[in-house]
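The data block below is coords_36.txt; it holds compact mmCIF, C-alpha atoms and all ligand atoms.
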```
# COMPACT_ATOMS: atom_id res chain seq x y z
CA MET A 285 -56.30 -71.98 -4.40
CA SER A 286 -59.16 -71.45 -1.95
CA PHE A 287 -60.80 -73.85 0.51
CA LEU A 288 -62.98 -75.30 -2.30
CA ASN A 289 -60.15 -75.47 -4.84
CA LEU A 290 -61.24 -72.23 -6.49
CA ASP A 291 -59.07 -69.23 -7.36
CA LYS A 292 -58.56 -67.39 -4.06
CA GLU A 293 -58.41 -63.87 -5.50
CA LYS A 294 -61.57 -64.43 -7.54
CA ILE A 295 -63.42 -65.89 -4.57
CA ASN A 296 -62.34 -62.89 -2.48
CA ALA A 297 -63.91 -60.62 -5.11
CA THR A 298 -67.11 -62.72 -5.16
CA VAL A 299 -67.45 -62.69 -1.37
CA LYS A 300 -66.93 -58.93 -1.27
CA GLU A 301 -69.95 -58.54 -3.60
CA LEU A 302 -71.97 -61.17 -1.69
CA ASN A 303 -71.52 -59.10 1.48
CA LEU A 304 -72.78 -55.98 -0.33
CA LEU A 305 -75.78 -58.02 -1.50
CA LEU A 306 -76.35 -59.21 2.07
CA ALA A 307 -76.36 -55.58 3.23
CA ASP A 308 -78.87 -54.65 0.49
CA TYR A 309 -81.17 -57.53 1.40
CA HIS A 310 -81.16 -56.50 5.08
CA LEU A 311 -82.24 -52.94 4.32
CA TYR A 312 -84.83 -54.24 1.87
CA TYR A 313 -86.14 -56.71 4.47
CA GLN A 314 -86.59 -54.04 7.14
CA LYS A 315 -88.23 -51.70 4.61
CA LEU A 316 -90.79 -54.41 3.82
CA ARG A 317 -91.54 -54.74 7.55
CA ASN A 318 -91.88 -50.95 7.75
CA PHE A 319 -94.39 -51.02 4.86
CA HIS A 320 -96.22 -54.09 6.27
CA TRP A 321 -96.79 -52.19 9.51
CA ASN A 322 -97.45 -48.71 8.15
CA ILE A 323 -99.60 -49.39 5.07
CA THR A 324 -102.93 -47.57 5.19
CA GLY A 325 -105.89 -47.16 2.83
CA ARG A 326 -108.29 -49.35 0.83
CA ASP A 327 -105.55 -51.77 -0.23
CA PHE A 328 -104.44 -52.41 3.34
CA PHE A 329 -105.35 -56.10 3.42
CA ILE A 330 -103.77 -56.93 0.03
CA LEU A 331 -100.52 -55.04 0.57
CA HIS A 332 -100.16 -55.88 4.27
CA ASP A 333 -100.17 -59.58 3.29
CA LYS A 334 -98.06 -59.11 0.16
CA PHE A 335 -95.31 -57.27 2.07
CA GLU A 336 -95.29 -60.07 4.65
CA GLU A 337 -94.88 -62.67 1.89
CA MET A 338 -92.04 -60.60 0.42
CA TYR A 339 -90.15 -60.14 3.70
CA ASN A 340 -90.49 -63.83 4.54
CA ASP A 341 -88.98 -64.68 1.15
CA THR A 342 -86.19 -62.14 1.74
CA GLN A 343 -85.46 -63.60 5.18
CA VAL A 344 -84.77 -66.99 3.54
CA LYS A 345 -82.48 -65.35 0.96
CA ILE A 346 -80.57 -63.45 3.67
CA ASP A 347 -79.76 -66.73 5.40
CA GLU A 348 -78.82 -68.46 2.14
CA VAL A 349 -76.42 -65.65 1.13
CA ALA A 350 -74.76 -65.59 4.58
CA GLU A 351 -74.42 -69.38 4.57
CA ARG A 352 -72.99 -69.34 1.05
CA ILE A 353 -70.31 -66.92 2.30
CA LEU A 354 -69.60 -69.36 5.15
CA THR A 355 -69.48 -72.27 2.68
CA LEU A 356 -66.78 -70.36 0.82
CA ARG A 357 -65.12 -70.11 4.28
CA TYR A 358 -65.43 -66.37 4.81
CA ARG A 359 -67.22 -64.38 7.49
CA PRO A 360 -70.55 -62.76 6.52
CA VAL A 361 -71.12 -59.15 7.55
CA SER A 362 -73.41 -59.54 10.58
CA ASN A 363 -74.17 -56.16 12.16
CA TYR A 364 -76.73 -53.53 11.18
CA SER A 365 -74.20 -50.68 11.46
CA GLU A 366 -72.16 -52.38 8.72
CA TYR A 367 -75.24 -53.08 6.60
CA LEU A 368 -76.16 -49.40 6.70
CA GLU A 369 -72.63 -48.46 5.74
CA LYS A 370 -72.32 -50.98 2.88
CA SER A 371 -75.81 -51.04 1.33
CA SER A 372 -76.73 -49.04 -1.77
CA LEU A 373 -80.34 -48.83 -0.55
CA GLU A 374 -81.77 -46.03 1.54
CA GLU A 375 -84.22 -46.36 4.43
CA ALA A 376 -87.78 -45.17 3.79
CA ALA A 377 -90.10 -42.92 5.76
CA THR A 378 -92.97 -44.48 7.73
CA SER A 379 -95.66 -42.27 6.23
CA LEU A 380 -95.70 -43.20 2.53
CA THR A 381 -98.82 -43.79 0.47
CA ASP A 382 -99.43 -47.22 -1.10
CA ILE A 383 -98.25 -46.01 -4.53
CA GLU A 384 -95.13 -44.40 -3.04
CA MET A 385 -94.31 -47.68 -1.27
CA ILE A 386 -94.59 -49.65 -4.51
CA GLU A 387 -92.45 -47.09 -6.37
CA VAL A 388 -89.76 -47.22 -3.66
CA LEU A 389 -89.74 -51.04 -3.86
CA LEU A 390 -89.49 -51.05 -7.66
CA LYS A 391 -86.53 -48.65 -7.39
CA ASP A 392 -84.91 -50.91 -4.77
CA HIS A 393 -85.45 -53.90 -7.06
CA ARG A 394 -83.42 -52.18 -9.78
CA THR A 395 -80.61 -51.51 -7.27
CA ILE A 396 -80.68 -55.10 -5.98
CA LEU A 397 -80.76 -56.48 -9.55
CA LYS A 398 -77.64 -54.45 -10.34
CA GLN A 399 -75.88 -55.90 -7.29
CA LEU A 400 -77.11 -59.42 -8.13
CA ARG A 401 -75.69 -59.15 -11.66
CA THR A 402 -72.36 -57.73 -10.48
CA THR A 403 -72.06 -60.58 -7.96
CA LEU A 404 -73.12 -63.17 -10.57
CA ASN A 405 -70.40 -61.92 -12.95
CA LYS A 406 -67.75 -62.28 -10.23
CA ALA A 407 -68.99 -65.77 -9.34
CA THR A 408 -69.01 -66.85 -13.00
CA ASP A 409 -65.49 -65.49 -13.44
CA ALA A 410 -64.42 -67.57 -10.41
CA ASN A 411 -66.10 -70.75 -11.80
CA ASP A 412 -68.18 -70.68 -8.61
CA GLU A 413 -71.29 -72.46 -9.92
CA GLY A 414 -72.85 -72.85 -6.47
CA THR A 415 -73.03 -69.09 -5.95
CA ALA A 416 -73.99 -68.44 -9.59
CA ASP A 417 -76.86 -70.92 -9.38
CA LEU A 418 -78.21 -69.29 -6.22
CA LEU A 419 -78.06 -65.80 -7.72
CA THR A 420 -79.67 -66.77 -11.04
CA GLY A 421 -82.79 -67.89 -9.17
CA TYR A 422 -82.81 -64.67 -7.14
CA ILE A 423 -82.70 -62.58 -10.32
CA ALA A 424 -85.72 -64.41 -11.77
CA ASP A 425 -87.60 -64.03 -8.43
CA ILE A 426 -87.07 -60.28 -8.14
CA GLU A 427 -87.91 -59.77 -11.83
CA LYS A 428 -91.21 -61.62 -11.36
CA THR A 429 -92.09 -59.64 -8.22
CA SER A 430 -91.24 -56.43 -10.11
CA TRP A 431 -93.74 -57.41 -12.81
CA MET A 432 -96.45 -57.87 -10.20
CA LEU A 433 -95.78 -54.56 -8.46
CA ASP A 434 -95.66 -52.77 -11.83
CA ALA A 435 -98.98 -54.41 -12.85
CA TRP A 436 -100.52 -53.28 -9.53
CA LYS A 437 -99.53 -49.69 -10.43
CA MET A 438 -101.24 -49.85 -13.86
CA LYS A 439 -104.82 -48.79 -14.48
CA THR A 440 -107.41 -51.50 -15.15
CA GLY A 441 -107.44 -52.20 -18.91
CA GLU A 442 -104.11 -50.46 -19.51
CA ASN A 443 -102.04 -52.56 -21.93
CA LEU A 444 -98.37 -53.35 -22.42
CA PRO A 445 -96.73 -52.44 -25.75
CA LYS A 446 -96.84 -55.10 -28.49
CA VAL A 447 -93.89 -55.75 -30.82
FE FE B 1 -97.53 -58.93 10.80
```
Starting from the file, give its structure as structure tokens.
Amino acid sequence: MSFLNLDKEKINATVKELNLLLADYHLYYQKLRNFHWNITGRDFFILHDKFEEMYNDTQVKIDEVAERILTLRYRPVSNYSEYLEKSSLEEAATSLTDIEMIEVLLKDHRTILKQLRTTLNKATDANDEGTADLLTGYIADIEKTSWMLDAWKMKTGENLPKV
């Protein structure tokens, strides 16, 4: 059994995924700073502020994920060289248009959601409710932000399908 009386092998598997998630969040965080600095055009003020709000939220999550790994008594991946190696996200150029930035972020959200769900499945399998609880909230947060970015992309008056 592990430090917290959980199955050691299953916690190993959960932590491995948590470290991949930590790597993804770091690349996502720096991309948001890139976009916060390099946004141009008529939506500058709205998106400059929105990207700041998003990277501040991500900064909190980065710390929570790393500290959850420590709570499980493992070492979080801590260097950028390792984040670049482990993350499924790619860095972005510094010359994107506002729409390109939003599209890149929506694509990254899908990648992060995939990693969040993989990690949640491992945590659930390990009966690790503390990690599962943290990740469930993150999934709802990134889904809600995705809605807002997708709505920003739509034309005024454009409607969603009705079932
Ligand atoms: Fe700033």
Find the nearest atom pair between each residue of chain A and ligand FE 1 (chain B) for residues within 7 Å, count only C-alpha atoms and all ligand atoms, give distances in Å to one decimal, sort rows by chain and ascending number, and present the table as CSV.
```
residue,atom,partner,partner_atom,distance
A:His320,CA,B:FE1,FE,6.8
A:Trp321,CA,B:FE1,FE,6.9
A:Glu336,CA,B:FE1,FE,6.6
```
Output C-alpha atoms for every residue in that selection, as a compact mmCIF listing (two decimals), in the coordinates of the input.
```txt
# COMPACT_ATOMS: atom_id res chain seq x y z
CA HIS A 320 -96.22 -54.09 6.27
CA TRP A 321 -96.79 -52.19 9.51
CA GLU A 336 -95.29 -60.07 4.65
```
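What separates atom CA of Tyr422 of chain A from atom CA of Leu331 of chain A is a distance of 21.6 Å.
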Quiz prompt | Residue contacts of Met338 of chain A (8 Å, all atoms listed in the file) excluding same-chain residues fewer than 4 positions away, as a list in words | solution = Leu316, Lys334 and Thr342 of chain A
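Closest to Glu387 of chain A among A:Asn322, A:Thr415, A:Thr408, A:Ser430 is A:Ser430, based on all atoms listed in the file.
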Quiz item: Quick one: of A:Ile330, A:Leu288, A:Val299, A:Leu305, who's nearest to Leu433 of chain A, counting all atoms listed in the file?
Solution: A:Ile330
Quiz item: For Lys292 of chain A, which residue among A:Ile383, A:Gly441, A:Asp417, A:Leu356 is the nearest when counting only C-alpha atoms?
Solution: A:Leu356
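Of the residues listed (A:Leu419, A:Ala410, A:Ile323, A:Met385), A:Leu419 shows the shortest atom-to-atom separation from Leu306 of chain A; distances use all atoms listed in the file.
Proximity ranking of A:Asp392, A:Glu366, A:Asp333, A:Glu442 relative to Phe319 of chain A places A:Asp333 first, based on all atoms listed in the file.
The nearest approach to Phe335 of chain A among the residues A:Leu380, A:Ile353, A:Ile386, A:Leu368, with only C-alpha atoms taken into account, belongs to A:Ile386.
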Quiz item: Please, what distance in Å, to one decimal, runs between atom CA of Pro360 of chain A and atom CA of Asn303 of chain A?
Solution: 6.3 Å
Exercise. Record the distance separating atom CA of Asp434 of chain A and atom CA of Leu390 of chain A, expressed in Å with one decimal.
Key: 7.6 Å
Exercise. Find the spatial neighbours of Leu418 of chain A, counting all atoms listed in the file, within a cut-off of 9 Å - ignore same-chain residues fewer than 4 positions away - and output them as a VMD selection string.
Key: chain A and resid 348 to 349 352 413 to 414 422
Exercise. Could you give me, as JSON, numbers by chain, the residues within 12 Å of Glu369 of chain A, counting only C-alpha atoms and dropping anything in the same chain fewer than 6 positions from it?
Key: {"A": [303, 304, 306, 307, 308, 310, 311, 361, 363, 375]}
Self-check item: Contacts of Ser372 of chain A within 8 Å, all atoms listed in the file, excl. fewer than 2 positions in-chain, as a ChimeraX atom specification
Solution: /A:308,370,374,395
